[in-house]
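Here the structure comes first, spelled out in structure tokens, and everything after it is commentary.
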Amino acid sequence: MDLATARNIEAPNKTAVANDPSQTRVAIGKLLVEAGCIRREDLERIDTVRREKCIRFGEAAVLMGLAKEEDVLRALSRQFAFDWVSPSETKLSKELCVLFDPFGREAEALRTIRGQLLLRWFDSGQKQLAICSPHRQSGCSHVAANLAVLFAQLGGRTLLIDANFRQPRLDELFSLAPRGGLADVLAGRAKVDVFQRVSQVANLWVVPAGPIPPNPQELLARQLFYKVLQYYQRHFDLILIDTPAYDMGADLELVASRVGGALVVARNNHTKLKVVRNLQADLMRSGVTLCGGVLNEY
């Protein structure tokens, strides 16, 4: 599936509305007025420019200096129930490209990955997937976080778990409150419902790693971890789990074997093919289904 095809599949209704100028004018104009971005008396002027230049209503409003591009994007996100966040209005990390640049090249590529995972893994009845990498700085947490946002945008209750007890990053990416995390649950210091809702992304919850423990492998090897995952499966529609890198110990295999499926994230011009093959072989020996791979370029 190429990116153009994926784009058409993702937003058929958006294309249909955009081709109907009257529907676009009424919807976008009303939203911009309600948000205080433009005045009601500006609607006719903007619509005149829209017709003369054969452009969309929002583009005309920006061209005339009556609205900002950010205002139009916010109105569109409301119109289509689509998560878009202004960088100036949130503490979320700018690494969440699917929120801050939802129509960019990287976001489109991640949507294609989401579509393939739906077809190859989740549509077969599976509910959880581990996101793995052969070494540090492969972009594993980055991919896991953005995919979680994309899956949440489909409407199902989505949970993102940080099982990286070596170098956790999800609390930073989502600006989570310093509360208990997965490590606390596995150590018996907290209840299982330590997930935090991401207020600016509908249908998304995150379980932070919690304090970095001195015995990460022992915690993840406990039967309690399997029971915790079972609990989450009963309360969420889809679960993604961020894992520590392969070169940091056996943590990754412990997590992936509990989950059953894995997506491998590598880094272009940095990851060695031999290491990826070793990771794949170890995962398969542990009974893990390999659902695909992602090659990061940065």
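Every chain in the structure tokens takes a letter, A first, then B, and so on in the order presented; its residues are numbered from 1, and the ligands are numbered from 1 following the presented order.
Taking range 37-235 of chain A and asking which residues DSSP calls strand (DSSP E) on the backbone, you get Gln128, Leu129, Ala130, Ile131, Cys132, Thr158, Leu159, Leu160, Ile161, Asp162, Gln196, Arg197, Leu204, Trp205, Val206 and Val207 of chain A.
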Selection above as a file: N, CA and C atoms, as a compact mmCIF listing (two decimals), in the first residue's frame:
```
# COMPACT_ATOMS: atom_id res chain seq x y z
N GLN A 128 -2.79 -6.96 22.04
CA GLN A 128 -1.59 -6.31 22.56
C GLN A 128 -0.38 -6.60 21.67
N LEU A 129 0.55 -5.65 21.67
CA LEU A 129 1.74 -5.75 20.82
C LEU A 129 2.90 -5.05 21.51
N ALA A 130 4.08 -5.70 21.49
CA ALA A 130 5.29 -5.10 22.05
C ALA A 130 6.05 -4.37 20.94
N ILE A 131 6.55 -3.19 21.27
CA ILE A 131 7.38 -2.41 20.34
C ILE A 131 8.83 -2.57 20.79
N CYS A 132 9.67 -3.14 19.93
CA CYS A 132 11.03 -3.54 20.32
C CYS A 132 12.08 -2.85 19.45
N THR A 158 -7.43 2.82 24.02
CA THR A 158 -6.04 2.42 23.75
C THR A 158 -5.17 2.66 24.97
N LEU A 159 -4.35 1.68 25.31
CA LEU A 159 -3.44 1.79 26.45
C LEU A 159 -2.00 1.64 25.97
N LEU A 160 -1.14 2.55 26.39
CA LEU A 160 0.29 2.49 26.10
C LEU A 160 1.03 2.25 27.41
N ILE A 161 1.79 1.17 27.47
CA ILE A 161 2.49 0.78 28.71
C ILE A 161 4.00 0.98 28.53
N ASP A 162 4.62 1.62 29.50
CA ASP A 162 6.07 1.78 29.48
C ASP A 162 6.69 0.67 30.33
N GLN A 196 -2.76 6.70 33.39
CA GLN A 196 -3.15 8.10 33.37
C GLN A 196 -3.75 8.45 32.02
N ARG A 197 -4.84 9.18 32.04
CA ARG A 197 -5.49 9.57 30.79
C ARG A 197 -4.76 10.76 30.17
N LEU A 204 -7.06 7.65 24.89
CA LEU A 204 -5.68 7.20 25.13
C LEU A 204 -5.33 7.31 26.61
N TRP A 205 -4.78 6.21 27.15
CA TRP A 205 -4.27 6.15 28.52
C TRP A 205 -2.83 5.63 28.48
N VAL A 206 -2.02 6.04 29.45
CA VAL A 206 -0.62 5.62 29.51
C VAL A 206 -0.29 5.11 30.91
N VAL A 207 0.40 3.97 30.96
CA VAL A 207 0.95 3.45 32.21
C VAL A 207 2.44 3.80 32.22
```
Q: Write out as a PyMOL selection string which residues come within 8 Å of Arg267 in chain A when counting only C-alpha atoms, dropping same-chain ones fewer than 3 positions away.
A: chain A and resi 138-139+270-271+295-298
Q | Selection: 12 Å around Arg277 in chain A, only C-alpha atoms, excl. self and same-chain fewer than 6 positions, as a list in words | A |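 Returned residues: Ser133, Pro134, Tyr246, Val264, Ala266, Thr271, Leu283, Met284, Leu290 and Gly293 of chain A.
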Q.
Which residues are near Gln223 in chain A? Cut-off 12 Å, only C-alpha atoms, ignore same chain within fewer than 6 positions. Put them as number ranges by chain.
A. A: 186-187, 229-230, 254-255, 258
Output the selection as a CSV table (one decimal), in the first residue's frame - C-alpha atoms for each residue.
```
chain,number,residue,atom,x,y,z
A,186,LEU,CA,4.9,-5.4,40.0
A,187,ALA,CA,6.6,-4.7,43.3
A,229,LEU,CA,-1.6,-7.6,31.3
A,230,GLN,CA,-4.7,-9.8,31.5
A,254,LEU,CA,10.5,-11.3,28.9
A,255,VAL,CA,8.0,-8.7,27.8
A,258,ARG,CA,4.2,-12.4,27.6
```
(Q) Show me, as number ranges by chain, the residues that have an atom within 9 Å of range 42-50 of chain A when counting only C-alpha atoms, minus same-chain residues fewer than 2 positions from it. (A) A: 21, 25, 29-30, 33, 38-40, 52-61, 64, 66
**Q.** Residues of range 51-156 of chain A in helix (DSSP H, G or I), written as a PyMOL selection string
**A.** chain A and resi 51-53+57-63+69-79+87-89+97-100+105-120+122-124+140-152
Q.
Using only C-alpha atoms, can you tell me which of A:Ala177, A:Leu182, A:Ala163, A:Leu31 comes closest to Cys140 in chain A?
A. A:Ala163
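Comparing A:Gly292, A:Ser175, A:Gly156, A:Ile28 by their smallest distance to Ile239 in chain A, the closest is A:Gly156 (using only C-alpha atoms).
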Sorted by chain and rising residue number, list the residues of range 192-215 of chain A at most 12 Å from range 92-107 of chain A (counting only C-alpha atoms), each with its closest atom pair and distance in Å to one decimal, as CSV.
```
residue,atom,partner,partner_atom,distance
A:Val198,CA,A:Leu92,CA,9.5
A:Ser199,CA,A:Leu92,CA,10.5
A:Gln200,CA,A:Leu92,CA,8.9
A:Val201,CA,A:Leu99,CA,8.8
A:Ala202,CA,A:Leu99,CA,11.8
```
Q. Smallest atom-to-atom distance to Gly115 in chain A: which of A:Ala209, A:Leu170, A:Leu147, A:Leu240, using only C-alpha atoms?
A.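 Nearest to Gly115 in chain A: A:Leu147.
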Q. What does the distance between CA of Leu238 in chain A and CA of Cys291 in chain A come to in Å, to one decimal place?
A. 15.1 Å
(Q) Quick check, in Å to one decimal: how far apart do CA of Asn278 in chain A and CA of Leu263 in chain A lie? (A)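 Taking CA of Asn278 in chain A as the start and CA of Leu263 in chain A as the end point, the length is 14.6 Å.
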Q: Find the distance between CA of Phe122 in chain A and CA of Asp237 in chain A and write it in Å to one decimal.
A: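 Going from CA of Phe122 in chain A over to CA of Asp237 in chain A covers 9.9 Å.
When only C-alpha atoms are used to measure the gap to Glu218 in chain A, the shortest distance among A:Leu176, A:Val72, A:Ala250, A:Val143 belongs to A:Ala250.
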